[in-house]
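Below: one structure, written as structure tokens.
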Amino acid sequence: MLRVKKAVIPVAGLGTRFLPATKSIPKELVTIVDRPCIQYVVEEAMRAGIREIVFVNARHKEAIENHFDSNFEIEQTLLARGKKELAKQSSEVGEGAVFISVRQKNPLGLGHAILCAQPVVGNEPFAVLLGDDLMDSDPPCIGELLEVYERTGKSTVAVMEVPRDQVNKYGIVAPKGGLDGKVFEVASLVEKPNPEAAPSCWAIPGRYVLSSQVFESLKVQKAGALGEIQLTDSLDTLAKRGELLASVYQGRRYDAGDRLGYLEATLAFALKRPDLRAGIERLIRQAYSELEPS
Ligand code: UTP
């Protein structure tokens, strides 16, 4: 069985839910505490042992690639001033990984973005991490999927249970049967269903390990929900052939591409930082005391 060496991270979307910030700043570069969202995502892949990162990027978002390059001016100036620790914080971003970029000329949808990575991925299995989905867990979410893939040889998606009134924000899987406590076979998938029509409340939070077979479906995939070429629709083809598993994710997940999700992530990650925790606790208490009783 071929090993998973590459992580494809699509970052070519328009980020319309975060306007006007995303007019000129990629939403994947919006800062969570003191590092851009995309850095957490790349570090999750690296913690799972992946060393080849493939960005599917767009013309106006090169700053994402630059973040993982060295910044000679900053680093040399800091070293000359004896600020070794700060220079290191800049230079060690993405250290140990190779970054490759391909372009998606038009944001035709997530499925189309993944297909743009085919010339780089070839016939290897690969991981997919969405650049604005933050997963906070140990072991890393993508590492758990890699473990299932290595054990079964089947494409695997992460799933988490969401309230029924929120299923229309996600790709939703219909379970077929149980394999063990955490992993089950997927019968079919549907993108952003109405709550009444959803086959379950198992939502996909933006982490996948896929076999290269998915490219064959993506090549002929027609536009689906929102008029976009949806990855979910091609995964449905794999599921109907009995080739897709779901692994239940039990960590925390934040949608940093959404305003409320971004604020939630900022608070949660700041509270985990020893240098900030006391200050954040004080701010939360103060804000709470100023709330009108509801
Ligand atoms: P989203 O649907 O969250 O991104 O896709 P979006 O379209 O940029 O966001 P909104 O809804 O307009 O605010 C999840 C990830 O897939 C990428 C996005 O950049 C994001 O990281 N994506 C999406 C692409 O690379 N290409 C696409 O055509 C669509």
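Chain identifiers are assigned as A, B, and so on, following the order in which chains appear in the structure tokens; residues are numbered from 1 within each chain, and ligands are numbered from 1 in order of appearance.
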Ligand 1 neighbours within 6 Å using only C-alpha atoms and all ligand atoms, as an MDAnalysis selection string: chainID A and resid 10:18 56 107:110 113 130:132
Name the residues of stretch 23-267 of chain A that come out as strand (DSSP E) in a backbone DSSP run; write them as a ChimeraX atom specification. /A:31-32,35-36,52-57,98-103,126-129,133-136,155-161,171-178,183-191,202-203,207-210,244-248,252-255
Hey, what's within 10 Å of A:Leu267 if we count only C-alpha atoms and toss same-chain stuff fewer than 6 positions away? As a PyMOL selection string, please? chain A and resi 32-33+277+280-281+284
So, counting only C-alpha atoms, which residue among A:Lys88, A:Arg103, A:Lys176, A:Lys192 is closest to A:Arg241? A:Lys176
Contacts of A:Ala256 at 10 Å (only C-alpha atoms; same-chain gap of 5+ positions) as a PyMOL selection string: chain A and resi 18+27-28+30-32+37-38+131-134+261-266
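Shortest atom-to-atom contact with A:Arg252 among A:Ala197, A:Met135, A:Leu231, A:Leu226: A:Met135, counting only C-alpha atoms.
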Check stretch 78-169 of chain A with DSSP on the backbone and list each residue it calls helix (DSSP H, G or I), as a VMD selection string. chain A and resid 78 to 80 84 to 91 110 to 115 118 to 121 141 to 152 164 to 169
